[in-house]
Number of protein chains: 4
Amino acid sequence: MSLGNRVDALVAPKGALEILSQDEIARLSEDSGQLHELFRRCALAILNCGSDSDDPQAILNEFRDFNIEIIQQERGVKLRLTNAPSSAFVDGKMIRSVREMLFSVLRDIVFTYHEYDLEKSLDSAPSNKITNVVFQLLRNANVFRRNPELDLVVCWGGHSIARHEYEYTKHVGHELGLRDLNICTGCGPGAMKGPMKGAAIAHAKQRIQNGVYLGLTEPGIIAAESPNPIVNQLVIMPDIEKRLEAFVRTGHGIIVFPGGAGTAEEILYLLGILLHPANDDIDYPLIFTGPSASAAYFEQIDDFIGSVLGEKAQSKYEIIIDDAAAVAKTMQEKMRTVKRYRKEHHDAFYFNWKLHIPEEFQHPFEPTHEKMAALNLHFEQDVHLLAADLRRAFSSIVAGNVKAQGVAYIKEHGPFKIHGDKALLAKLDKLLTAFVEQQRMKLPGSVYTPCYEVITD
Amino acid sequence: MSLGNRVDALVAPKGALEILSQDEIARLSEDSGQLHELFRRCALAILNCGSDSDDPQAILNEFRDFNIEIIQQERGVKLRLTNAPSSAFVDGKMIRSVREMLFSVLRDIVFTYHEYDLEKSLDSAPSNKITNVVFQLLRNANVFRRNPELDLVVCWGGHSIARHEYEYTKHVGHELGLRDLNICTGCGPGAMKGPMKGAAIAHAKQRIQNGVYLGLTEPGIIAAESPNPIVNQLVIMPDIEKRLEAFVRTGHGIIVFPGGAGTAEEILYLLGILLHPANDDIDYPLIFTGPSASAAYFEQIDDFIGSVLGEKAQSKYEIIIDDAAAVAKTMQEKMRTVKRYRKEHHDAFYFNWKLHIPEEFQHPFEPTHEKMAALNLHFEQDVHLLAADLRRAFSSIVAGNVKAQGVAYIKEHGPFKIHGDKALLAKLDKLLTAFVEQQRMKLPGSVYTPCYEVITD
Amino acid sequence: MSLGNRVDALVAPKGALEILSQDEIARLSEDSGQLHELFRRCALAILNCGSDSDDPQAILNEFRDFNIEIIQQERGVKLRLTNAPSSAFVDGKMIRSVREMLFSVLRDIVFTYHEYDLEKSLDSAPSNKITNVVFQLLRNANVFRRNPELDLVVCWGGHSIARHEYEYTKHVGHELGLRDLNICTGCGPGAMKGPMKGAAIAHAKQRIQNGVYLGLTEPGIIAAESPNPIVNQLVIMPDIEKRLEAFVRTGHGIIVFPGGAGTAEEILYLLGILLHPANDDIDYPLIFTGPSASAAYFEQIDDFIGSVLGEKAQSKYEIIIDDAAAVAKTMQEKMRTVKRYRKEHHDAFYFNWKLHIPEEFQHPFEPTHEKMAALNLHFEQDVHLLAADLRRAFSSIVAGNVKAQGVAYIKEHGPFKIHGDKALLAKLDKLLTAFVEQQRMKLPGSVYTPCYEVITD
Amino acid sequence: MSLGNRVDALVAPKGALEILSQDEIARLSEDSGQLHELFRRCALAILNCGSDSDDPQAILNEFRDFNIEIIQQERGVKLRLTNAPSSAFVDGKMIRSVREMLFSVLRDIVFTYHEYDLEKSLDSAPSNKITNVVFQLLRNANVFRRNPELDLVVCWGGHSIARHEYEYTKHVGHELGLRDLNICTGCGPGAMKGPMKGAAIAHAKQRIQNGVYLGLTEPGIIAAESPNPIVNQLVIMPDIEKRLEAFVRTGHGIIVFPGGAGTAEEILYLLGILLHPANDDIDYPLIFTGPSASAAYFEQIDDFIGSVLGEKAQSKYEIIIDDAAAVAKTMQEKMRTVKRYRKEHHDAFYFNWKLHIPEEFQHPFEPTHEKMAALNLHFEQDVHLLAADLRRAFSSIVAGNVKAQGVAYIKEHGPFKIHGDKALLAKLDKLLTAFVEQQRMKLPGSVYTPCYEVITD
């Protein structure tokens with residue numbers, strides 16, 4: 001890529017940031033080294049979403065000279081870009097979706113940071129406060145619709161799945177879209193893109209012009225997994241845990257496609273919450289699905305859940321193999337139950353307030369040897385607490401596998417040691433080994449060196 | 001009116017309060033005796049706007065048993081009304097505009113009180129902070145439009161003007177509306193209703209479906225002057241001074257019709273600001289107008305301004321007598337200059353940030369004998385400061401004339417004593433006497449006993 | 001009015017005439033002396049609707065030099081106006097509603113004349129063909145809405161009613177509008193304007209932005225009764241009979257206010273149709289209403305109908321005195337029955353196909369002495385045929401009273417002679433005499449010389 | 001496919017056919033054997049568009065028992081389907097785009113047939129009359145938009161092009177869509193689908209919700225080439241010639257991708273028209289483009305045109321190889337010239353009235369040995385007449401290659417004999433041979449037996 005592929009531009013926002021007070025603009029423009037660098041990196045990820053590369057480090061190197069400044073005017077805020085990737089522009093004008101996403105980044109990274117005082121306030125906040133901030137971030141991003149129907153299906157699954165698995169996610173998205181359902185994913189490639197693509201075509205067939213393709217991401221991921229171009233609403237939540245809470249509170253049902261450690265983390269997050277006694281009477285539509293060739297994958301997952309978390313956990317989901325239409329129909333039927341419940345309990349249609357999310361699932365977990373060693377992976381405890389610690393273990397493995405900071409940490413200190421109950425760890429080891437064999441831990445083709453050791457006490 | 005004319009109802013909001021967080025709903029529902037009574041009174045004023053009476057005390061007595069409660073639900077807030085005036089309902093369903101205005105009251109009285117911590121924060125706040133809160137209140141009320149044109153004409157004038165004067169305000173409103181201009185007033189009767197009525201008919205003729213009829217009021221006035229039914233946006237600002245600031249910052253030009261002490265207060269407020277050196281290069285379209293029979297009124301006003309504030313003050317406005325079309329055309333032309341200025345200086349089209357409003361015009365003035373005696377009504381000072389104190393004098397006379405608290409105060413302590421420069425006070429006395437003679441100080445027919453004495457040093 | 005009050009302009013259409021084929025434009029532009037003069041007169045009536053005068057002859061004299069030409073371009077048709085009344089313009093630009101109505105005239109007078117070959121085809125056409133053309137004219141005017149509700153209330157009544165009667169029509173319109181109902185009238189002043197005005201205010205209160213104020217007129221009336229400015233849909237039907245058919249087929253219910261011979265004509269038209277055996281199972285909401293002071297009027301009408309057409313005719317309507325809310329509520333309830341009927345019988349919501357209109361009510365009646373003498377006003381016949389001939393008698397009296405051609409005819413040939421059954425004519429004479437006494441035959445103040453003589457055989 | 005894959009349904013229209021008069025409904029419902037079979041076949045093609053097969057005969061056999069009836073009701077027309085392909089339905093409800101297209105077929109095949117009396121009237125009609133009917137059919141299909149910009153790009157090219165050629169058509173569509181341009185094609189697969197697909201993705205990126213994907217087809221083709229699901233406006237023109245006229249009059253510019261005999265027919269049609277002296281001053285944006293690997297194809301075409309029709313013909317188009325962005329930019333620039341011309345000459349933006357289309361290009365050509373033998377393929381004539389006959393020769397080859405009737409004809413009577421000027425036929429033979437070698441005459445893989453012989457005199 002030559003230096004010629006650069007554009008300088010001055011762009012004005014559309015939407016939430018169009019009308020700001022002078023105070024708000026001033027706070028937005030305050031110099032803050034660390035925040036600015038985070039903003040710059042996320043902005044670059046967005047601007048580069050038209051390109052083929054998705055190696056964040058390579059992009060950062062290539063566009064070392066890219067800069068972004070916030071311009072303060074009474075009329076409102078503007079962004080001045082220098083040396084921006086030309087792929088974000090057509091004949092010198094920024095593509096509208098790119099402009100929207102760029103201002104989503106400004107809104108979620110810079111604006112909410114100041115307005116909600118995120119840095120200080122959230123880490124020690126009580127559960128209730130965190131939920132309210134999650135709500136406000138989503139409302140501020142205009143995610144809530146006053147729709148008389150429940151229609152938002154969250155799709156989880158791996159970002160580097162096999163071709164036949166990807167095709168299947170498109171089929172499921174297509175069947176969902178044909179039934180007027182909308183899609184929310186983590187907004188990267190693979191199982192995050194397929195369902196949106198399928199739904200977009202189905203929405204066109206059904207003449208639905210206001211289809212929702214909601215992408216929920218967080219600063220650590222956005223650079224590695226640029227939002228796919230179908231995403232028409234983008235929210236950058238402050239961290240993994242807030243993002244997971246946003247998924248389960250805005251979605252009306254969840255479909256899980258095949259994936260690796262990250263998908264396992266998501267499954268354990270949701271099951272842990274659903275296993276909390278306060279949520280006993282809450283129906284949450286949850287379907288695991290994949291093509292025939294992936295049937296074994298879900299058998300392993302189901303077996304692991306059964307033996308580690310028990311039958312109650314298994315009762316929380318349904319497994320449907322190779323039947324996209326059945327997945328969509330089942331989801332639609334289950335959502336009717338959810339609708340009835342929300343009406344009866346005066347809960348909002350656009351946000352699941354009634355679901356109790358214990359604090360164990362809300363606060364960020366920093367993956368270090370000490371914290372990993374301190375995880376309580378024994379059977380003798382409340383099952384939702386065990387799920388919480390298992391979630392943390394998988395989250396750490398994801399970091400050690402692919403996140404820049406995690407990879408560096410493992411290089412320096414060696415693999416994480418996972419301690420715990422012998423029988424339990426045996427099950428865990430078996431599952432992880434299967435992931436390795438199925439090449440779900442890293443991009444296909446590369447040799448995987450585990451970032452963890454299972455140590456039975 | 002019999003007790004049968006009562007309705008109990010449960011109503012849900014539309015608009016800004018539809019989607020609230022649990023925290024916000026909880027704060028909204030907090031018990032607060034004083035705030036609740038203010039909310040109840042304002043709500044009653046709105047619910048009663050279909051009735052003929054506009055004596056707030058009579059209405060309060062009649063509907064002693066009216067109550068309003070805030071119901072807290074996850075799904076959102078609701079209002080439970082008991083013994084509400086039936087005139088707000090059709091076949092048991094609340095009229096939609098009444099519902100909208102009721103929730104405007106909840107938003108502006110209760111919600112913003114908590115969210116912006118209004119009680120504590122504003123009184124000692126710096127100028128800049130006050131302006132930002134005025135902006136936020138208006139934005140929260142969805143007043144700002146991203147319109148490529150300037151089109152909002154503020155109309156000031158008396159609420160109990162003569163029939164021919166009222167007809168003239170309708171003609172001016174009609175000519176404004178024919179030119180696609182929108183109207184903002186204080187939202188009561190008289191000169192606050194006529195321009196909206198004329199514009200509404202003109203907008204229908206011009207097939208404009210989104211005409212704006214913005215009413216800006218404050219808690220002390222809303223009960224006495226219920227919003228007329230043409231108002232389709234209602235904002236209740238916290239006090240007189242914030243309301244005046246809202247007028248001059250959202251309006252793109254101002255037309256002054258005949259009125260009494262209140263109108264004089266408004267004129268002095270705006271001239272005082274425009275005479276501040278920081279505003280020397282700011283064009284603010286300002287037209288005084290009335291029918292032929294009211295020509296003398298504006299001669300008196302003009303004479304008073306000329307002799308007290310000087311020629312520069314007179315250069316800030318234009319007087320047009322009995323020519324509604326000329327008023328509208330002149331306003332439209334002047335607004336083009338304003339548009340050019342805002343573009344050049346990157347100021348917003350929907351809020352006049354560049355106008356400097358000195359603190360003297362922003363903080364509330366409590367009319368007491370001490371404060372009146374302390375007013376500095378001498379020539380030897382900056383002319384904008386003299387205007388500020390004259391504004392306060394007129395504001396106090398309005399209170400002593402018609403506001404419940406002010407009337408009681410005068411009854412107890414006798415008339416205000418106005419001290420100052422002899423020549424200046426002679427001019428003031430002459431103007432006030434003319435107002436009395438023209439029956440502009442009180443409703444026509446009643447005998448006026450002045451609430452003030454002019455005392456020359 | 002000076003010659004200065006003239007404007008020359010070139011205007012392009014909005015709506016149905018925007019996109020025409022070259023063939024259509026060519027036909028539209030064909031020279032046709034008689035049609036052009038009709039078009040010119042109707043256009044002048046529209047352009048003049050802002051003025052105070054409603055004397056068509058005076059206006060025609062005043063604007064002798066006004067002309068209107070159709071300009072043919074590939075891009076579409078345009079109208080060139082010379083010496084047009086300036087009241088139709090603001091700062092040189094035509095008011096949008098005037099422009100719309102002007103093109104309604106072009107569409108209904110010129111375009112449909114050619115496209116449907118109106119001159120030749122309709123007079124000898126069978127009933128069915130006439131109904132289809134009425135449908136096509138209304139569809140072409142975009143009158144039909146795909147609304148899931150029945151909501152169009154036709155209001156009939158006099159154009160020169162007393163003040164208290166006019167106020168009452170506004171109250172009824174207001175109560176209809178509060179219940180989301182829309183209004184259709186003959187589009188002139190009096191009982192044709194009041195209900196629209198009341199409904200427009202009520203629609204604003206209910207935040208209804210797409211209220212329908214449909215005016216149905218015909219070339220003989222439009223010049224005398226310019227559409228009031230509230231009308232937002234205007235259709236010029238080819239003659240009285242097609243206009244009456246348009247009323248009863250598009251309206252979902254009819255309210256009759258006090259009026260004179262014209263109103264009696266309308267009542268007899270509708271009763272005659274409803275008395276036809278083919279319509280026995282059709283419910284047609286029909287309410288006669290007026291303020292208390294007008295109660296006697298409806299007693300006389302009811303008495304006349306009872307004694308001449310019988311009890312079955314009286315069963316077709318309800319009389320409600322001085323209760324606007326009851327009128328609106330009753331209408332709303334009755335329309336529910338109509339809705340049920342249309343659903344069951346697969347009839348359209350926007351056009352009453354099932355109602356049978358006998359040919360006697362469809363073909364134009366030319367009022368001459370010969371034709372009047374030939375009317376069959378005896379009891380020994382089908383009651384709907386008697387109603388048809390009574391309708392013709394009243395229609396002729398209207399012409400002899402106020403229509404230019406009819407007045408000239410009476411001047412030349414003397415009053416019409418009405419022959420018939422003695423008892424029947426006594427009833428008729430009594431009713432007409434009451435109309436004269438109540439000053440319903442001509443504008444209040446003028447002395448009425450009857451244009452008819454009742455001659456008992 | 002089992003018999004179980006059948007659905008019975010009753011469907012009501014959306015759009016133009018929603019509001020019909022009883023006369024129109026009666027005409028629509030008239031029994032007409034031949035027309036009904038045509039309607040049934042086209043309807044089946046639409047209903048089957050979700051399936052994989054595109055062999056019309058196989059589908060007709062498979063769905064022998066499919067039937068479609070028009071149900072007549074006052075409320076409007078309905079369609080009763082029996083044994084319809086289930087792929088057109090989701091959970092028993094017809095997919096909305098399928099329903100729309102089904103009623104496009106009813107509108108264009110049945111309704112216009114009666115309303116415009118197509119059978120009798122068009123064949124012997126003068127040029128002007130044909131153009132007016134083409135206009136009315138397109139207007140009736142709601143194709144015309146009152147857009148202030150020219151933005152409709154017609155894309156021509158083969159339906160069975162190679163993969164790399166298909167990918168290139170997507171790239172061009174993408175670049176057009178990024179520039180807010182819309183797409184019109186013949187609505188089948190290949191070069192008719194690629195540009196729409198690319199544009200649809202680009203429109204999503206540019207947040208354009210009302211993108212136009214206009215498909216123009218005709219009864220002979222629709223069964224073989226089902227509209228792709230991106231098409232959101234479908235018009236079935238009566239025959240090939242009207243369809244070609246619709247392309248050139250509604251499109252604002254044309255892009256030609258590689259194709260076979262059909263594409264050559266389209267090129268000769270347009271060049272023939274542009275070479276007519278009456279069109280000398282008309283700029284018509286025309287670009288031939290393909291990927292690098294297809295460069296030779298356009299060299300051959302260009303060489304043929306140069307040597308047969310001359311340099312003037314070559315001056316009418318531009319060839320751009322392998323540069324999708326340049327194609328889009330060039331098209332956009334050229335359309336600015338067209339816009340200027342239409343403004344200056346008062347021509348419509350939505351229909352090119354000024355372009356003269358000689359009758360030779362408007363009347364259907366029936367491919368028989370006699371007619372082929374009668375073609376005048378010599379140099380000594382007006383070049384636009386030569387182009388007209390060459391167009392007919394290619395049209396016949398298309399029929400002989402792939403249309404059911406043409407194939408049967410050739411089987412029975414042997415190949416067409418093409419007579420003409422020796423030098424000219426040599427050029428033609430060379431081009432046709434190249435098409436055969438490049439496998440552009442039939443689907444790749446099959447052996448092509450020519451349906452023609454070139455016979456030099």
# chains A, B, ... in the order shown; residues from 1 in each chain; ligands from 1
call {"tool": "residues_around", "arguments": {"residues": "stretch 291-300 of chain C", "least_positions_apart": "5", "cutoff": "8 Å", "atoms": "only C-alpha atoms", "output": "CSV table (one decimal) with C-alpha atoms, in the first residue's frame"}}
result
chain,number,residue,atom,x,y,z
C,164,HIS,CA,-75.7,30.2,16.2
C,165,GLU,CA,-76.3,27.4,13.7
C,168,TYR,CA,-73.1,24.5,16.4
C,258,PRO,CA,-80.2,23.1,9.0
C,319,ILE,CA,-82.8,13.5,15.1
C,321,ILE,CA,-81.0,18.3,19.1
C,322,ASP,CA,-78.2,20.4,20.7
C,323,ASP,CA,-75.8,17.7,21.7
C,431,LEU,CA,-92.7,23.3,4.2
call {"tool": "interface_residues", "arguments": {"of": "chain C", "to": "chain D", "cutoff": "12 Å", "atoms": "only C-alpha atoms", "output": "PyMOL selection string"}}
result
chain C and resi 14-16+18-26+71-78+128-140+142-146+342-355
call {"tool": "write_last_selection", "arguments": {"atoms": "N, CA and C atoms", "output": "compact mmCIF listing (two decimals), in the first residue's frame"}}
result
# COMPACT_ATOMS: atom_id res chain seq x y z
N LYS C 14 -48.39 19.64 -9.02
CA LYS C 14 -47.98 18.63 -8.04
C LYS C 14 -49.02 17.53 -8.12
N GLY C 15 -48.60 16.28 -7.98
CA GLY C 15 -49.58 15.20 -7.89
C GLY C 15 -49.94 14.55 -9.21
N ALA C 16 -51.23 14.24 -9.38
CA ALA C 16 -51.68 13.38 -10.47
C ALA C 16 -51.24 13.86 -11.85
N GLU C 18 -48.50 15.46 -12.62
CA GLU C 18 -47.07 15.68 -12.77
C GLU C 18 -46.46 14.85 -13.88
N ILE C 19 -46.95 13.63 -14.02
CA ILE C 19 -46.34 12.72 -14.99
C ILE C 19 -47.37 12.34 -16.04
N LEU C 20 -47.34 13.04 -17.15
CA LEU C 20 -48.28 12.78 -18.24
C LEU C 20 -47.54 12.32 -19.48
N SER C 21 -48.24 11.53 -20.28
CA SER C 21 -47.66 11.14 -21.56
C SER C 21 -47.83 12.30 -22.55
N GLN C 22 -47.06 12.26 -23.63
CA GLN C 22 -47.20 13.29 -24.65
C GLN C 22 -48.61 13.33 -25.23
N ASP C 23 -49.21 12.16 -25.39
CA ASP C 23 -50.59 12.10 -25.87
C ASP C 23 -51.52 12.84 -24.94
N GLU C 24 -51.37 12.56 -23.66
CA GLU C 24 -52.26 13.19 -22.67
C GLU C 24 -52.06 14.70 -22.66
N ILE C 25 -50.81 15.12 -22.71
CA ILE C 25 -50.53 16.55 -22.71
C ILE C 25 -51.13 17.20 -23.95
N ALA C 26 -51.02 16.51 -25.08
CA ALA C 26 -51.55 17.07 -26.33
C ALA C 26 -53.07 17.23 -26.24
N ILE C 71 -49.48 25.11 -21.10
CA ILE C 71 -48.21 25.06 -21.84
C ILE C 71 -47.76 23.61 -21.94
N GLN C 72 -47.45 23.20 -23.14
CA GLN C 72 -47.11 21.81 -23.41
C GLN C 72 -45.61 21.63 -23.51
N GLN C 73 -45.05 20.76 -22.66
CA GLN C 73 -43.62 20.47 -22.72
C GLN C 73 -43.43 18.97 -22.54
N GLU C 74 -42.33 18.41 -23.04
CA GLU C 74 -42.06 16.99 -22.79
C GLU C 74 -42.00 16.72 -21.29
N ARG C 75 -41.43 17.68 -20.57
CA ARG C 75 -41.23 17.49 -19.14
C ARG C 75 -42.55 17.44 -18.38
N GLY C 76 -43.63 17.93 -19.01
CA GLY C 76 -44.93 17.94 -18.34
C GLY C 76 -45.65 19.23 -18.65
N VAL C 77 -46.86 19.31 -18.14
CA VAL C 77 -47.71 20.42 -18.45
C VAL C 77 -47.43 21.58 -17.47
N LYS C 78 -47.61 22.80 -17.94
CA LYS C 78 -47.53 23.96 -17.06
C LYS C 78 -48.69 24.89 -17.36
N ASN C 128 -74.69 1.52 -14.00
CA ASN C 128 -73.42 0.89 -13.68
C ASN C 128 -72.24 1.67 -14.24
N LYS C 129 -72.38 2.15 -15.47
CA LYS C 129 -71.30 2.89 -16.12
C LYS C 129 -71.06 4.22 -15.38
N ILE C 130 -72.16 4.87 -15.00
CA ILE C 130 -72.03 6.14 -14.28
C ILE C 130 -71.29 5.93 -12.97
N THR C 131 -71.68 4.89 -12.25
CA THR C 131 -71.03 4.61 -10.97
C THR C 131 -69.54 4.37 -11.17
N ASN C 132 -69.17 3.64 -12.22
CA ASN C 132 -67.76 3.40 -12.47
C ASN C 132 -67.00 4.68 -12.79
N VAL C 133 -67.64 5.60 -13.50
CA VAL C 133 -66.96 6.86 -13.79
C VAL C 133 -66.82 7.70 -12.51
N VAL C 134 -67.87 7.72 -11.68
CA VAL C 134 -67.76 8.42 -10.40
C VAL C 134 -66.56 7.87 -9.62
N PHE C 135 -66.45 6.55 -9.60
CA PHE C 135 -65.32 5.89 -8.92
C PHE C 135 -63.99 6.35 -9.51
N GLN C 136 -63.90 6.35 -10.83
CA GLN C 136 -62.62 6.69 -11.46
C GLN C 136 -62.22 8.15 -11.22
N LEU C 137 -63.23 9.03 -11.23
CA LEU C 137 -62.91 10.44 -10.96
C LEU C 137 -62.37 10.61 -9.55
N LEU C 138 -62.98 9.91 -8.59
CA LEU C 138 -62.53 10.02 -7.20
C LEU C 138 -61.16 9.37 -7.02
N ARG C 139 -60.97 8.24 -7.67
CA ARG C 139 -59.66 7.57 -7.57
C ARG C 139 -58.58 8.44 -8.19
N ASN C 140 -58.90 9.02 -9.33
CA ASN C 140 -57.94 9.88 -10.01
C ASN C 140 -57.57 11.08 -9.14
N ASN C 142 -57.27 10.85 -6.05
CA ASN C 142 -56.53 10.28 -4.92
C ASN C 142 -57.33 10.35 -3.62
N VAL C 143 -58.64 10.24 -3.75
CA VAL C 143 -59.52 10.35 -2.58
C VAL C 143 -59.51 9.07 -1.76
N PHE C 144 -59.30 7.93 -2.41
CA PHE C 144 -59.42 6.66 -1.70
C PHE C 144 -58.19 6.38 -0.85
N ARG C 145 -58.46 6.06 0.40
CA ARG C 145 -57.37 5.71 1.32
C ARG C 145 -57.55 4.27 1.76
N ARG C 146 -56.42 3.56 1.89
CA ARG C 146 -56.47 2.17 2.34
C ARG C 146 -56.40 2.15 3.85
N ARG C 342 -69.61 -4.22 5.64
CA ARG C 342 -68.70 -4.22 4.48
C ARG C 342 -67.74 -5.39 4.51
N LYS C 343 -67.28 -5.72 5.72
CA LYS C 343 -66.39 -6.87 5.84
C LYS C 343 -67.10 -8.14 5.40
N GLU C 344 -68.30 -8.32 5.95
CA GLU C 344 -69.05 -9.54 5.65
C GLU C 344 -69.33 -9.68 4.15
N HIS C 345 -69.65 -8.54 3.52
CA HIS C 345 -70.04 -8.59 2.11
C HIS C 345 -68.87 -8.27 1.18
N HIS C 346 -67.64 -8.26 1.72
CA HIS C 346 -66.45 -8.00 0.90
C HIS C 346 -66.56 -6.70 0.12
N ASP C 347 -67.24 -5.73 0.68
CA ASP C 347 -67.31 -4.45 -0.01
C ASP C 347 -66.09 -3.61 0.39
N ALA C 348 -65.73 -2.67 -0.47
CA ALA C 348 -64.58 -1.81 -0.19
C ALA C 348 -64.90 -0.87 0.97
N PHE C 349 -63.86 -0.49 1.73
CA PHE C 349 -64.06 0.48 2.81
C PHE C 349 -64.17 1.90 2.24
N TYR C 350 -63.57 2.13 1.09
CA TYR C 350 -63.46 3.50 0.57
C TYR C 350 -64.54 3.84 -0.46
N PHE C 351 -65.39 2.89 -0.79
CA PHE C 351 -66.42 3.16 -1.80
C PHE C 351 -67.55 2.17 -1.59
N ASN C 352 -68.75 2.71 -1.45
CA ASN C 352 -69.91 1.89 -1.13
C ASN C 352 -70.52 1.31 -2.42
N TRP C 353 -69.91 0.21 -2.92
CA TRP C 353 -70.41 -0.39 -4.16
C TRP C 353 -71.79 -1.01 -3.97
N LYS C 354 -72.06 -1.55 -2.79
CA LYS C 354 -73.28 -2.34 -2.57
C LYS C 354 -74.55 -1.49 -2.63
N LEU C 355 -74.43 -0.20 -2.33
CA LEU C 355 -75.61 0.66 -2.35
C LEU C 355 -76.13 0.77 -3.79
call {"tool": "closest_residue", "arguments": {"among": "A:Ile301, A:Cys184, A:Ala328, A:Cys155", "to": "D:Asp91", "atoms": "only C-alpha atoms"}}
result
A:Ala328
call {"tool": "select_by_dssp", "arguments": {"residues": "stretch 93-225 of chain A", "states": "strand (DSSP E)", "output": "ChimeraX atom specification"}}
result
/A:93-94,152-156,182-185,213-217
call {"tool": "residues_around", "arguments": {"residues": "stretch 97-108 of chain A", "least_positions_apart": "4", "cutoff": "6 Å", "atoms": "only C-alpha atoms", "output": "MDAnalysis selection string"}}
result
(chainID A and resid 43 112 236) or (chainID D and resid 205:206)
call {"tool": "write_last_selection", "arguments": {"atoms": "C-alpha atoms", "output": "PDB file, in the first residue's frame"}}
result
ATOM      1  CA  ALA A  43     -11.106   4.936  14.491  1.00  0.00           C
ATOM      2  CA  THR A 112     -19.462   8.400  27.363  1.00  0.00           C
ATOM      3  CA  ILE A 236     -18.548  -0.136  21.605  1.00  0.00           C
TER       4      ILE A 236
ATOM      5  CA  LYS D 205     -22.827   1.065   3.001  1.00  0.00           C
ATOM      6  CA  GLN D 206     -24.093   4.463   1.888  1.00  0.00           C
TER       7      GLN D 206
END
call {"tool": "residues_around", "arguments": {"residues": "D:Phe257", "least_positions_apart": "4", "cutoff": "9 Å", "atoms": "only C-alpha atoms", "output": "ChimeraX atom specification"}}
result
/D:155-158,165,169,191,263,287-290
call {"tool": "write_last_selection", "arguments": {"atoms": "N, CA and C atoms", "output": "compact mmCIF listing (two decimals), in the first residue's frame"}}
result
# COMPACT_ATOMS: atom_id res chain seq x y z
N CYS D 155 -27.74 -1.86 -17.22
CA CYS D 155 -26.62 -2.78 -17.46
C CYS D 155 -27.07 -3.92 -18.34
N TRP D 156 -26.37 -4.06 -19.47
CA TRP D 156 -26.65 -5.15 -20.40
C TRP D 156 -25.47 -6.13 -20.38
N GLY D 157 -25.72 -7.37 -20.77
CA GLY D 157 -24.65 -8.35 -20.83
C GLY D 157 -25.25 -9.75 -20.75
N GLY D 158 -24.41 -10.77 -20.87
CA GLY D 158 -24.89 -12.14 -20.97
C GLY D 158 -25.44 -12.68 -19.66
N GLU D 165 -16.02 -12.74 -15.09
CA GLU D 165 -16.82 -11.67 -15.68
C GLU D 165 -17.97 -11.28 -14.74
N THR D 169 -18.84 -7.64 -12.93
CA THR D 169 -20.12 -6.89 -12.98
C THR D 169 -20.52 -6.47 -11.56
N ALA D 191 -24.89 -11.09 -15.91
CA ALA D 191 -24.67 -9.65 -15.95
C ALA D 191 -25.92 -8.86 -15.58
N THR D 263 -26.60 -9.78 -26.43
CA THR D 263 -25.93 -8.51 -26.13
C THR D 263 -25.62 -7.77 -27.42
N ILE D 287 -21.07 2.82 -22.31
CA ILE D 287 -19.74 2.31 -21.99
C ILE D 287 -19.73 0.80 -22.15
N PHE D 288 -18.71 0.30 -22.87
CA PHE D 288 -18.50 -1.14 -22.94
C PHE D 288 -17.39 -1.46 -21.95
N THR D 289 -17.60 -2.44 -21.09
CA THR D 289 -16.55 -2.73 -20.11
C THR D 289 -16.54 -4.20 -19.71
N GLY D 290 -15.36 -4.66 -19.28
CA GLY D 290 -15.18 -6.03 -18.80
C GLY D 290 -13.83 -6.15 -18.14
